[in-house]
$ cat entry_33.tsv   # TSV, C-alpha atoms and all ligand atoms
chain	number	residue	atom	x	y	z
A	32	MET	CA	0.00	0.00	0.00
A	33	GLY	CA	2.89	2.36	0.54
A	34	THR	CA	3.80	5.19	2.85
A	35	ALA	CA	3.28	8.83	1.87
A	36	TYR	CA	4.90	12.09	2.85
A	37	VAL	CA	3.77	15.67	2.42
A	38	TYR	CA	6.24	18.49	1.92
A	39	ASP	CA	6.23	21.86	0.18
A	40	PRO	CA	8.94	24.54	-0.01
A	41	ILE	CA	6.42	27.13	1.20
A	42	TYR	CA	6.90	25.65	4.67
A	43	LEU	CA	10.39	27.20	4.65
A	44	GLU	CA	8.99	30.68	4.09
A	45	HIS	CA	7.52	30.84	7.60
A	46	ASN	CA	10.73	31.79	9.39
A	47	LEU	CA	12.20	34.08	12.02
A	48	PRO	CA	16.00	33.98	12.32
A	49	GLY	CA	17.11	32.87	15.78
A	50	HIS	CA	13.72	31.38	16.70
A	51	PRO	CA	13.83	27.67	17.68
A	52	GLU	CA	10.84	26.89	15.40
A	53	SER	CA	12.81	27.73	12.26
A	54	ARG	CA	13.01	26.63	8.64
A	55	GLU	CA	16.24	24.80	9.48
A	56	ARG	CA	14.15	22.09	11.11
A	57	LEU	CA	12.59	21.00	7.82
A	58	LEU	CA	15.76	21.59	5.81
A	59	GLN	CA	17.60	19.18	8.10
A	60	ILE	CA	14.81	16.58	7.85
A	61	MET	CA	14.56	16.73	4.07
A	62	GLY	CA	18.35	16.68	3.70
A	63	LEU	CA	18.68	13.46	5.70
A	64	LEU	CA	15.70	11.74	4.03
A	65	GLU	CA	17.27	12.51	0.67
A	66	LYS	CA	20.75	11.40	1.69
A	67	GLN	CA	19.43	8.12	3.07
A	68	GLY	CA	17.47	7.36	-0.10
A	69	MET	CA	14.22	7.42	1.89
A	70	LEU	CA	12.27	9.81	-0.36
A	71	GLU	CA	12.41	7.42	-3.31
A	72	ARG	CA	10.70	4.75	-1.21
A	73	LEU	CA	7.78	7.08	-0.40
A	74	VAL	CA	4.73	8.38	-2.24
A	75	ALA	CA	4.64	12.19	-2.44
A	76	VAL	CA	1.23	13.66	-1.59
A	77	GLU	CA	0.85	17.25	-2.71
A	78	ALA	CA	-0.01	20.02	-0.28
A	79	THR	CA	-2.76	22.48	-1.21
A	80	PRO	CA	-4.13	25.40	0.83
A	81	VAL	CA	-6.88	24.26	3.18
A	82	SER	CA	-10.32	25.59	2.20
A	83	MET	CA	-11.94	28.24	4.39
A	84	GLU	CA	-14.81	25.85	5.07
A	85	ARG	CA	-12.43	23.23	6.47
A	86	LEU	CA	-10.35	25.72	8.41
A	87	THR	CA	-13.30	27.44	10.05
A	88	ARG	CA	-14.65	24.16	11.39
A	89	ASN	CA	-11.90	24.61	13.96
A	90	HIS	CA	-11.07	28.34	13.94
A	91	SER	CA	-13.17	31.49	14.09
A	92	GLN	CA	-13.29	33.50	10.87
A	93	ARG	CA	-12.24	36.51	12.89
A	94	TYR	CA	-9.04	34.83	14.07
A	95	VAL	CA	-8.25	33.57	10.55
A	96	ASP	CA	-8.65	37.15	9.30
A	97	THR	CA	-6.34	38.43	12.06
A	98	VAL	CA	-3.55	36.11	10.91
A	99	ARG	CA	-4.08	37.01	7.25
A	100	GLN	CA	-4.07	40.74	7.95
A	101	MET	CA	-0.95	40.49	10.11
A	102	ALA	CA	0.85	38.65	7.29
A	103	ASP	CA	-0.41	41.18	4.73
A	104	ARG	CA	1.07	44.00	6.80
A	105	GLY	CA	4.45	42.25	6.75
A	106	GLY	CA	4.18	40.30	9.98
A	107	GLY	CA	4.02	40.59	13.75
A	108	HIS	CA	3.58	38.46	16.85
A	109	LEU	CA	0.46	36.70	18.19
A	110	ASP	CA	2.22	36.31	21.55
A	111	LEU	CA	5.82	36.55	22.72
A	112	ASP	CA	6.72	33.16	21.21
A	113	THR	CA	4.51	33.07	18.16
A	114	TYR	CA	5.58	35.01	15.10
A	115	VAL	CA	3.74	35.71	11.85
A	116	GLY	CA	5.80	36.71	8.81
A	117	SER	CA	4.61	37.93	5.43
A	118	ARG	CA	4.34	34.33	4.12
A	119	SER	CA	3.16	32.70	7.33
A	120	TYR	CA	-0.55	32.81	6.54
A	121	ASP	CA	-0.04	31.03	3.21
A	122	ALA	CA	2.34	28.51	4.80
A	123	ALA	CA	-0.15	27.80	7.60
A	124	LEU	CA	-2.98	27.21	5.09
A	125	MET	CA	-0.70	24.77	3.26
A	126	ALA	CA	0.27	23.04	6.52
A	127	ALA	CA	-3.34	22.30	7.44
A	128	GLY	CA	-4.18	21.51	3.81
A	129	GLY	CA	-1.19	19.21	3.45
A	130	LEU	CA	-2.25	17.18	6.45
A	131	VAL	CA	-5.86	17.01	5.22
A	132	ASN	CA	-4.58	15.70	1.86
A	133	ALA	CA	-2.51	13.04	3.65
A	134	VAL	CA	-5.57	11.95	5.64
A	135	GLU	CA	-7.63	11.83	2.46
A	136	ALA	CA	-5.01	9.67	0.70
A	137	VAL	CA	-5.05	7.21	3.61
A	138	LEU	CA	-8.84	7.11	4.00
A	139	GLU	CA	-9.28	6.64	0.23
A	140	GLY	CA	-6.84	3.74	0.32
A	141	GLU	CA	-4.34	5.38	-2.05
A	142	VAL	CA	-1.58	4.78	0.53
A	143	GLY	CA	-1.37	2.79	3.73
A	144	ASN	CA	-0.09	5.50	6.06
A	145	ALA	CA	1.59	8.91	5.92
A	146	PHE	CA	3.68	11.57	7.63
A	147	ALA	CA	2.97	15.25	6.89
A	148	LEU	CA	6.23	17.21	7.19
A	149	VAL	CA	4.58	20.56	7.71
A	150	ARG	CA	5.27	23.90	9.40
A	151	PRO	CA	4.11	25.88	11.28
A	152	PRO	CA	3.10	23.27	13.86
A	153	GLY	CA	-0.42	23.25	15.28
A	154	HIS	CA	-1.31	21.56	18.56
A	155	HIS	CA	-1.24	24.68	20.77
A	156	ALA	CA	-3.45	26.76	18.45
A	157	LEU	CA	-6.85	27.49	20.01
A	158	THR	CA	-9.97	28.16	17.96
A	159	ALA	CA	-9.61	31.94	18.30
A	160	ARG	CA	-5.96	32.38	19.24
A	161	GLY	CA	-2.56	31.19	18.05
A	162	MET	CA	0.10	30.44	20.65
A	163	GLY	CA	3.20	28.35	21.33
A	164	PHE	CA	4.67	28.66	17.78
A	165	CYS	CA	1.32	27.45	16.33
A	166	LEU	CA	-0.99	29.38	14.00
A	167	PHE	CA	-3.68	26.91	12.89
A	168	ASN	CA	-4.31	23.56	14.57
A	169	ASN	CA	-3.44	21.19	11.74
A	170	VAL	CA	-4.36	17.98	13.54
A	171	ALA	CA	-7.70	19.35	14.77
A	172	VAL	CA	-8.60	20.59	11.28
A	173	ALA	CA	-7.74	17.13	9.90
A	174	ALA	CA	-9.80	15.36	12.57
A	175	HIS	CA	-12.83	17.57	11.79
A	176	TYR	CA	-12.37	16.74	8.10
A	177	ALA	CA	-12.31	12.99	8.79
A	178	LEU	CA	-15.39	13.19	11.01
A	179	GLU	CA	-17.51	15.62	9.06
A	180	GLU	CA	-16.59	14.90	5.43
A	181	LYS	CA	-15.50	11.29	5.47
A	182	GLY	CA	-18.16	10.08	7.87
A	183	LEU	CA	-15.84	8.71	10.55
A	184	GLU	CA	-17.21	8.44	14.09
A	185	ARG	CA	-14.06	7.77	16.13
A	186	VAL	CA	-10.63	9.32	15.63
A	187	LEU	CA	-7.75	8.77	18.03
A	188	VAL	CA	-5.25	11.63	18.29
A	189	ALA	CA	-2.02	10.52	20.00
A	190	ASP	CA	0.29	13.41	20.93
A	191	PHE	CA	3.80	12.59	22.16
A	192	ASP	CA	5.20	16.11	21.82
A	193	VAL	CA	6.76	17.09	25.16
A	194	HIS	CA	4.25	19.93	25.50
A	195	HIS	CA	0.55	19.42	26.14
A	196	GLY	CA	-1.60	20.00	23.04
A	197	ASN	CA	-3.98	22.40	24.73
A	198	GLY	CA	-5.50	23.52	21.42
A	199	THR	CA	-6.41	19.98	20.40
A	200	GLN	CA	-7.81	19.21	23.85
A	201	ASP	CA	-9.91	22.37	23.78
A	202	ALA	CA	-11.30	21.65	20.32
A	203	PHE	CA	-12.72	18.26	21.34
A	204	TYR	CA	-13.18	18.55	25.11
A	205	ASP	CA	-16.92	17.81	25.06
A	206	GLN	CA	-16.94	15.25	22.22
A	207	ALA	CA	-16.58	11.48	22.17
A	208	SER	CA	-15.74	11.46	18.46
A	209	VAL	CA	-12.10	12.26	19.23
A	210	LEU	CA	-10.11	10.39	21.85
A	211	TYR	CA	-7.16	12.63	22.70
A	212	PHE	CA	-4.12	11.00	24.35
A	213	SER	CA	-1.15	13.13	25.35
A	214	THR	CA	2.15	12.48	27.13
A	215	HIS	CA	3.80	15.72	28.27
A	216	GLN	CA	6.17	17.21	30.78
A	217	TYR	CA	4.10	18.66	33.64
A	218	PRO	CA	3.92	21.22	35.09
A	219	TYR	CA	5.32	22.93	32.01
A	220	TYR	CA	4.26	25.06	29.04
A	221	PRO	CA	1.35	25.65	28.37
A	222	GLY	CA	0.17	24.68	31.87
A	223	THR	CA	-2.73	22.39	30.92
A	224	GLY	CA	-2.85	18.58	30.80
A	225	ASP	CA	-3.47	17.52	34.39
A	226	TRP	CA	-4.48	13.84	34.46
A	227	ARG	CA	-7.86	14.84	35.94
A	228	GLU	CA	-8.72	16.77	32.75
A	229	ILE	CA	-10.73	13.90	31.24
A	230	GLY	CA	-13.30	15.74	29.11
A	231	ARG	CA	-16.82	16.96	29.82
A	232	GLY	CA	-20.39	16.02	28.94
A	233	GLU	CA	-20.42	13.50	26.08
A	234	GLY	CA	-16.66	13.88	25.98
A	235	GLU	CA	-16.10	12.74	29.55
A	236	GLY	CA	-13.48	10.00	29.55
A	237	TYR	CA	-12.22	10.86	26.05
A	238	MET	CA	-9.29	13.01	27.17
A	239	ALA	CA	-6.39	10.84	28.31
A	240	ASN	CA	-3.74	13.13	29.74
A	241	VAL	CA	-0.47	11.66	30.94
A	242	PRO	CA	1.41	14.40	32.81
A	243	LEU	CA	5.03	13.37	33.36
A	244	PRO	CA	7.71	14.53	35.77
A	245	GLU	CA	11.11	15.40	34.32
A	246	GLY	CA	13.33	12.47	33.42
A	247	VAL	CA	10.94	9.86	32.03
A	248	GLY	CA	12.63	7.89	29.25
A	249	ASP	CA	12.35	4.91	26.91
A	250	GLU	CA	11.11	2.41	29.48
A	251	GLY	CA	8.53	4.75	31.01
A	252	TYR	CA	7.11	5.87	27.67
A	253	GLY	CA	7.08	2.25	26.50
A	254	ARG	CA	5.04	1.19	29.53
A	255	ILE	CA	2.59	4.07	29.12
A	256	PHE	CA	2.01	3.17	25.47
A	257	ASP	CA	1.78	-0.60	26.06
A	258	GLU	CA	-0.13	-0.67	29.34
A	259	PHE	CA	-2.32	2.44	29.06
A	260	LEU	CA	-2.67	3.71	25.48
A	261	TYR	CA	-3.00	0.32	23.82
A	262	PRO	CA	-5.91	-0.99	25.97
A	263	LEU	CA	-7.53	2.44	25.87
A	264	ALA	CA	-7.40	2.38	22.06
A	265	GLU	CA	-8.63	-1.23	21.91
A	266	ARG	CA	-11.70	-0.23	23.88
A	267	TYR	CA	-12.28	2.90	21.75
A	268	ARG	CA	-11.89	1.15	18.36
A	269	PRO	CA	-10.64	4.18	16.37
A	270	GLN	CA	-11.22	4.28	12.62
A	271	LEU	CA	-8.15	6.48	12.11
A	272	ILE	CA	-5.13	7.33	14.24
A	273	LEU	CA	-3.58	10.79	13.93
A	274	VAL	CA	-0.28	11.48	15.63
A	275	SER	CA	0.94	14.87	16.81
A	276	ALA	CA	4.60	13.96	16.47
A	277	GLY	CA	6.87	16.19	18.51
A	278	TYR	CA	10.45	15.12	19.05
A	279	ASP	CA	11.22	17.52	21.89
A	280	ALA	CA	10.99	14.75	24.54
A	281	HIS	CA	14.44	13.55	23.41
A	282	TRP	CA	17.13	13.81	26.09
A	283	ALA	CA	19.20	16.23	23.99
A	284	ASP	CA	16.37	18.63	23.21
A	285	PRO	CA	17.17	22.17	24.38
A	286	LEU	CA	13.60	23.07	25.42
A	287	ALA	CA	12.55	20.29	27.79
A	288	ALA	CA	13.81	17.74	30.32
A	289	MET	CA	12.66	14.29	29.27
A	290	GLN	CA	14.92	11.31	28.56
A	291	LEU	CA	13.65	9.58	25.41
A	292	SER	CA	16.28	8.36	22.95
A	293	LEU	CA	15.89	8.00	19.20
A	294	THR	CA	15.54	4.26	19.79
A	295	GLY	CA	12.76	4.85	22.34
A	296	TYR	CA	10.99	7.21	19.96
A	297	THR	CA	11.14	4.58	17.21
A	298	HIS	CA	9.55	2.00	19.50
A	299	LEU	CA	6.65	4.41	20.08
A	300	ALA	CA	6.19	4.74	16.31
A	301	GLN	CA	6.32	0.94	15.95
A	302	THR	CA	3.68	0.58	18.68
A	303	LEU	CA	1.41	3.09	16.93
A	304	LYS	CA	1.89	1.24	13.64
A	305	ALA	CA	1.01	-2.10	15.27
A	306	MET	CA	-2.00	-0.50	16.94
A	307	ALA	CA	-3.26	0.94	13.64
A	308	ASP	CA	-2.74	-2.42	11.92
A	309	ASP	CA	-4.70	-4.18	14.70
A	310	LEU	CA	-7.51	-1.68	15.12
A	311	CYS	CA	-8.09	0.36	11.95
A	312	GLN	CA	-6.61	-1.38	8.87
A	313	GLY	CA	-3.36	0.50	9.36
A	314	LYS	CA	-4.88	3.96	8.91
A	315	LEU	CA	-2.24	6.10	10.58
A	316	VAL	CA	-1.14	9.67	9.79
A	317	PHE	CA	1.66	11.51	11.56
A	318	THR	CA	2.03	15.28	11.52
A	319	LEU	CA	5.08	17.22	12.63
A	320	GLU	CA	4.79	19.31	15.79
A	321	GLY	CA	7.90	20.24	17.86
A	322	GLY	CA	11.49	19.03	18.16
A	323	TYR	CA	14.31	21.54	18.38
A	324	LYS	CA	17.57	19.58	18.36
A	325	LEU	CA	18.08	19.45	14.61
A	326	GLU	CA	20.07	16.23	14.39
A	327	VAL	CA	17.57	14.42	16.63
A	328	LEU	CA	14.64	15.72	14.62
A	329	ALA	CA	16.01	14.52	11.29
A	330	TYR	CA	16.88	11.02	12.53
A	331	ALA	CA	13.59	10.75	14.42
A	332	VAL	CA	11.63	11.45	11.24
A	333	LEU	CA	13.80	9.01	9.26
A	334	ASN	CA	13.20	6.31	11.89
A	335	THR	CA	9.47	7.03	11.87
A	336	PHE	CA	9.36	6.42	8.11
A	337	HIS	CA	11.17	3.11	8.65
A	338	ALA	CA	8.51	2.19	11.22
A	339	LEU	CA	5.67	3.24	8.90
A	340	LEU	CA	7.19	1.08	6.14
A	341	GLY	CA	7.44	-1.85	8.55
A	342	ASP	CA	11.27	-1.89	8.59
A	343	GLU	CA	13.14	-2.86	11.74
A	344	GLU	CA	15.89	-0.33	11.01
A	345	ILE	CA	16.76	2.26	13.69
A	346	HIS	CA	19.36	5.02	13.44
A	347	ASP	CA	20.46	6.36	16.84
A	348	PRO	CA	23.72	8.31	16.50
A	349	LEU	CA	23.16	10.13	19.81
A	350	GLY	CA	22.68	6.97	21.85
A	351	PRO	CA	20.80	6.39	25.10
A	352	ALA	CA	20.02	9.08	27.67
A	353	PRO	CA	23.02	9.92	29.86
A	354	ARG	CA	21.04	9.72	33.11
A	355	SER	CA	18.89	6.95	34.57
A	356	GLU	CA	15.21	7.44	34.10
A	357	ARG	CA	12.23	8.11	36.36
A	358	ASP	CA	9.85	5.24	37.13
A	359	VAL	CA	6.20	5.64	36.04
A	360	GLY	CA	4.63	2.53	37.63
A	361	ASP	CA	2.39	4.45	40.06
A	362	LEU	CA	1.25	6.86	37.37
A	363	VAL	CA	0.30	4.01	35.01
A	364	ASP	CA	-1.75	2.38	37.80
A	365	GLN	CA	-3.47	5.70	38.58
A	366	LEU	CA	-4.32	6.29	34.93
A	367	LYS	CA	-5.70	2.80	34.47
A	368	GLY	CA	-7.89	3.30	37.52
A	369	LEU	CA	-9.12	6.70	36.42
A	370	HIS	CA	-9.97	5.44	32.94
A	371	ARG	CA	-11.43	2.14	34.27
A	372	LEU	CA	-8.99	-0.10	32.47
A	373	VAL	CA	-8.56	-2.42	35.48
B	1	ZN	ZN	6.59	20.80	21.87

$ encode --input "entry_33.tsv" --output "structure tokens"
Amino acid sequence: MGTAYVYDPIYLEHNLPGHPESRERLLQIMGLLEKQGMLERLVAVEATPVSMERLTRNHSQRYVDTVRQMADRGGGHLDLDTYVGSRSYDAALMAAGGLVNAVEAVLEGEVGNAFALVRPPGHHALTARGMGFCLFNNVAVAAHYALEEKGLERVLVADFDVHHGNGTQDAFYDQASVLYFSTHQYPYYPGTGDWREIGRGEGEGYMANVPLPEGVGDEGYGRIFDEFLYPLAERYRPQLILVSAGYDAHWADPLAAMQLSLTGYTHLAQTLKAMADDLCQGKLVFTLEGGYKLEVLAYAVLNTFHALLGDEEIHDPLGPAPRSERDVGDLVDQLKGLHRLV
């Protein structure tokens, strides 16, 4: 069936020199994929600008206009961290549209699975406000598309970025049609993601937050995925799995304090692939969120493609975390109790 990727040079035009969420991130990724001969094994899915109808299922028209006008005036900031340049609006439309196209290709059976290599990232973007380097919430827009245009009833969004995806949580907090699972350093930016945030109304029980202390690594993440996420997903029976793939939980990342290695990250991707194969005919689409150590980011994406293709191959030039890792046994037990998995 094949594995697809989405990429477009417009993603490089959203850029602010010296900012950690820079064009260099994608340049490094594409350079390594090319050098390793990975691109020729993949199907290229074209990015197109997301339609206003699709975008405004998740964002207010007023906020969309604010971003467009800021870009038209040459740029500005939505908050201290979140810049808009003259090309950022167009790049952000193409980021959301690129991911939607990847989801469409998978749901139509044109490819088995996919990874959208898009910028700017999305999971912090709220319906009426961009924040945390994010302009439009790509994964939320794609989930709405799958639910409302493709007739799906259950979409799992798994978010292993080191930051909590507050925008994605907010978008689906009172709905059962999206099960949102997130591992994140806590307390940390953006401040949300307590384990007791489990959703509300019809959505109660469909937010699965896994707040982590500093120092959790390969073993801890592996246990959380195997012992908590997997049974949770088995019970939910998703028809599609979307992944907010952030690689800033690596031990060498400059922004956070977790202990995952490239090998540990690859095992998470392999688990998600196995889960999709078991539960939803392999329908699995990754989208790029954070990850600020450039070498880590490039190898992590390369390894993820190997996992999506079903290869065993893992590249880990940085090796295991230098420090021993924090145990998560009690947290896993608490989460299983809270979500009635015992
Ligand atoms: Zn992040």

$ residues_around --input "entry_33.tsv" --residues "segment 265-272 of chain A" --least-positions-apart "3" --cutoff "8 Å" --atoms "only C-alpha atoms" --output "list in words"
Leu183, Glu184, Arg185, Val186, Leu187, Val188, Ala189, Leu210, Tyr261, Pro262, Ala307, Leu310, Cys311, Lys314, Leu315 and Val316 of chain A

$ axis_aligned_box --input "entry_33.tsv" --around "segment 252-267 of chain A" --padding-each-side "8 Å" --output "AutoDock Vina command-line options"
--center_x -2.6 --center_y 2.3 --center_z 25.6 --size_x 35.4 --size_y 23.1 --size_z 23.8

$ atom_distance --input "entry_33.tsv" --atom1 "atom CA of Asp121 of chain A" --atom2 "atom CA of Phe317 of chain A"
21.3 Å

$ closest_atom_pairs --input "entry_33.tsv" --of "segment 93-200 of chain A" --to "segment 35-43 of chain A" --cutoff "8 Å" --atoms "all atoms listed in the file" --output "CSV"
residue,atom,partner,partner_atom,distance
A:Asp121,CA,A:Ile41,CA,7.8
A:Ala122,CA,A:Tyr42,CA,5.4
A:Ala123,CA,A:Tyr42,CA,7.9
A:Met125,CA,A:Ile41,CA,7.8
A:Ala126,CA,A:Tyr42,CA,7.4
A:Gly129,CA,A:Val37,CA,6.2
A:Leu130,CA,A:Val37,CA,7.4
A:Ala133,CA,A:Val37,CA,6.9
A:Val142,CA,A:Ala35,CA,6.5
A:Gly143,CA,A:Ala35,CA,7.8
A:Asn144,CA,A:Ala35,CA,6.3
A:Ala145,CA,A:Ala35,CA,4.4
A:Phe146,CA,A:Tyr36,CA,5.0
A:Ala147,CA,A:Val37,CA,4.6
A:Leu148,CA,A:Tyr38,CA,5.4
A:Val149,CA,A:Tyr42,CA,6.4
A:Arg150,CA,A:Tyr42,CA,5.3
A:Pro151,CA,A:Tyr42,CA,7.2

$ closest_residue --input "entry_33.tsv" --among "A:Tyr252, A:Tyr278, A:Tyr237, A:Tyr114" --to "Asp358 of chain A" --atoms "all atoms listed in the file"
A:Tyr252

$ residues_around --input "entry_33.tsv" --residues "His337 of chain A" --least-positions-apart "4" --cutoff "12 Å" --atoms "all atoms listed in the file" --output "PyMOL selection string"
chain A and resi 33-35+64+67-70+72-73+144-146+297-298+300-301+304+330-333+341-346

$ residues_near_ligand --input "entry_33.tsv" --ligand "ligand ZN 1 (chain B)" --cutoff "10 Å" --atoms "all atoms listed in the file" --output "PyMOL selection string"
chain A and resi 52+152-155+163-164+190-196+215-216+220-221+275-280+286-287+320-323

$ residues_around --input "entry_33.tsv" --residues "Pro351 of chain A" --least-positions-apart "2" --cutoff "10 Å" --atoms "all atoms listed in the file" --output "PyMOL selection string"
chain A and resi 248-249+281-282+290-295+347-349+353-355

$ atom_distance --input "entry_33.tsv" --atom1 "atom CA of Trp226 of chain A" --atom2 "atom CA of Met306 of chain A"
22.8 Å

$ atom_distance --input "entry_33.tsv" --atom1 "atom CA of Leu303 of chain A" --atom2 "atom CA of Phe256 of chain A"
8.6 Å

$ closest_residue --input "entry_33.tsv" --among "A:Asn169, A:Gln100, A:Thr335, A:Asn240" --to "Val363 of chain A" --atoms "all atoms listed in the file"
A:Asn240

$ closest_residue --input "entry_33.tsv" --among "A:Ala75, A:Leu86, A:Leu47, A:Leu243" --to "Val170 of chain A" --atoms "all atoms listed in the file"
A:Leu86

$ residues_around --input "entry_33.tsv" --residues "segment 199-206 of chain A" --least-positions-apart "2" --cutoff "8 Å" --atoms "all atoms listed in the file" --output "JSON, numbers by chain"
{"A": [89, 154, 155, 156, 157, 158, 168, 170, 171, 196, 197, 208, 209, 211, 230, 231, 232, 233, 234, 235, 237, 238]}

$ write_last_selection --input "entry_33.tsv" --atoms "C-alpha atoms" --output "mmCIF file, in the frame of the given file"
data_model
loop_
_atom_site.group_PDB
_atom_site.id
_atom_site.type_symbol
_atom_site.label_atom_id
_atom_site.label_comp_id
_atom_site.auth_asym_id
_atom_site.auth_seq_id
_atom_site.Cartn_x
_atom_site.Cartn_y
_atom_site.Cartn_z
ATOM 1 C CA ASN A 89 -11.900 24.610 13.960
ATOM 2 C CA HIS A 154 -1.310 21.560 18.560
ATOM 3 C CA HIS A 155 -1.240 24.680 20.770
ATOM 4 C CA ALA A 156 -3.450 26.760 18.450
ATOM 5 C CA LEU A 157 -6.850 27.490 20.010
ATOM 6 C CA THR A 158 -9.970 28.160 17.960
ATOM 7 C CA ASN A 168 -4.310 23.560 14.570
ATOM 8 C CA VAL A 170 -4.360 17.980 13.540
ATOM 9 C CA ALA A 171 -7.700 19.350 14.770
ATOM 10 C CA GLY A 196 -1.600 20.000 23.040
ATOM 11 C CA ASN A 197 -3.980 22.400 24.730
ATOM 12 C CA SER A 208 -15.740 11.460 18.460
ATOM 13 C CA VAL A 209 -12.100 12.260 19.230
ATOM 14 C CA TYR A 211 -7.160 12.630 22.700
ATOM 15 C CA GLY A 230 -13.300 15.740 29.110
ATOM 16 C CA ARG A 231 -16.820 16.960 29.820
ATOM 17 C CA GLY A 232 -20.390 16.020 28.940
ATOM 18 C CA GLU A 233 -20.420 13.500 26.080
ATOM 19 C CA GLY A 234 -16.660 13.880 25.980
ATOM 20 C CA GLU A 235 -16.100 12.740 29.550
ATOM 21 C CA TYR A 237 -12.220 10.860 26.050
ATOM 22 C CA MET A 238 -9.290 13.010 27.170
#

$ closest_residue --input "entry_33.tsv" --among "A:Leu366, A:Leu328, A:Leu124, A:Val241" --to "Gly62 of chain A" --atoms "all atoms listed in the file"
A:Leu328

$ residues_around --input "entry_33.tsv" --residues "Val95 of chain A" --least-positions-apart "4" --cutoff "10 Å" --atoms "only C-alpha atoms" --output "PyMOL selection string"
chain A and resi 83+86-87+90-91+99-100+120+124+158-161+166-167

$ closest_residue --input "entry_33.tsv" --among "A:Met162, A:Val81, A:Val137, A:Ala127" --to "Asp110 of chain A" --atoms "only C-alpha atoms"
A:Met162

$ decode --input "entry_33.tsv" --residues "segment 182-187 of chain A" --atoms "all heavy atoms" --output "PDB file, in the first residue's frame"
ATOM      1  N   GLY A 182     -17.186  10.901   7.166  1.00  0.00           N
ATOM      2  CA  GLY A 182     -18.162  10.077   7.874  1.00  0.00           C
ATOM      3  C   GLY A 182     -17.604   9.215   8.996  1.00  0.00           C
ATOM      4  O   GLY A 182     -18.285   8.302   9.477  1.00  0.00           O
ATOM      5  N   LEU A 183     -16.379   9.485   9.442  1.00  0.00           N
ATOM      6  CA  LEU A 183     -15.844   8.708  10.552  1.00  0.00           C
ATOM      7  C   LEU A 183     -16.545   9.096  11.855  1.00  0.00           C
ATOM      8  O   LEU A 183     -17.051  10.214  11.990  1.00  0.00           O
ATOM      9  CB  LEU A 183     -14.326   8.938  10.695  1.00  0.00           C
ATOM     10  CG  LEU A 183     -13.429   7.946   9.928  1.00  0.00           C
ATOM     11  CD1 LEU A 183     -13.771   7.898   8.465  1.00  0.00           C
ATOM     12  CD2 LEU A 183     -11.971   8.279  10.120  1.00  0.00           C
ATOM     13  N   GLU A 184     -16.568   8.166  12.788  1.00  0.00           N
ATOM     14  CA  GLU A 184     -17.206   8.437  14.089  1.00  0.00           C
ATOM     15  C   GLU A 184     -16.215   8.448  15.235  1.00  0.00           C
ATOM     16  O   GLU A 184     -16.512   9.008  16.301  1.00  0.00           O
ATOM     17  CB  GLU A 184     -18.291   7.382  14.356  1.00  0.00           C
ATOM     18  CG  GLU A 184     -19.443   7.509  13.382  1.00  0.00           C
ATOM     19  CD  GLU A 184     -20.443   6.369  13.477  1.00  0.00           C
ATOM     20  OE1 GLU A 184     -20.138   5.351  14.147  1.00  0.00           O
ATOM     21  OE2 GLU A 184     -21.516   6.503  12.873  1.00  0.00           O
ATOM     22  N   ARG A 185     -15.046   7.836  15.041  1.00  0.00           N
ATOM     23  CA  ARG A 185     -14.063   7.768  16.129  1.00  0.00           C
ATOM     24  C   ARG A 185     -12.640   7.940  15.591  1.00  0.00           C
ATOM     25  O   ARG A 185     -12.152   7.122  14.822  1.00  0.00           O
ATOM     26  CB  ARG A 185     -14.153   6.419  16.855  1.00  0.00           C
ATOM     27  CG  ARG A 185     -15.449   6.219  17.635  1.00  0.00           C
ATOM     28  CD  ARG A 185     -15.524   4.836  18.262  1.00  0.00           C
ATOM     29  NE  ARG A 185     -15.231   3.778  17.292  1.00  0.00           N
ATOM     30  CZ  ARG A 185     -16.093   3.318  16.382  1.00  0.00           C
ATOM     31  NH1 ARG A 185     -17.329   3.805  16.314  1.00  0.00           N
ATOM     32  NH2 ARG A 185     -15.725   2.372  15.534  1.00  0.00           N
ATOM     33  N   VAL A 186     -12.014   9.034  16.020  1.00  0.00           N
ATOM     34  CA  VAL A 186     -10.632   9.317  15.630  1.00  0.00           C
ATOM     35  C   VAL A 186      -9.788   9.405  16.904  1.00  0.00           C
ATOM     36  O   VAL A 186     -10.144  10.117  17.842  1.00  0.00           O
ATOM     37  CB  VAL A 186     -10.533  10.649  14.858  1.00  0.00           C
ATOM     38  CG1 VAL A 186      -9.068  11.001  14.568  1.00  0.00           C
ATOM     39  CG2 VAL A 186     -11.336  10.579  13.558  1.00  0.00           C
ATOM     40  N   LEU A 187      -8.703   8.662  16.927  1.00  0.00           N
ATOM     41  CA  LEU A 187      -7.752   8.771  18.032  1.00  0.00           C
ATOM     42  C   LEU A 187      -6.646   9.745  17.636  1.00  0.00           C
ATOM     43  O   LEU A 187      -6.045   9.599  16.563  1.00  0.00           O
ATOM     44  CB  LEU A 187      -7.140   7.388  18.328  1.00  0.00           C
ATOM     45  CG  LEU A 187      -5.902   7.344  19.233  1.00  0.00           C
ATOM     46  CD1 LEU A 187      -6.196   7.881  20.630  1.00  0.00           C
ATOM     47  CD2 LEU A 187      -5.363   5.914  19.331  1.00  0.00           C
TER      48      LEU A 187
END
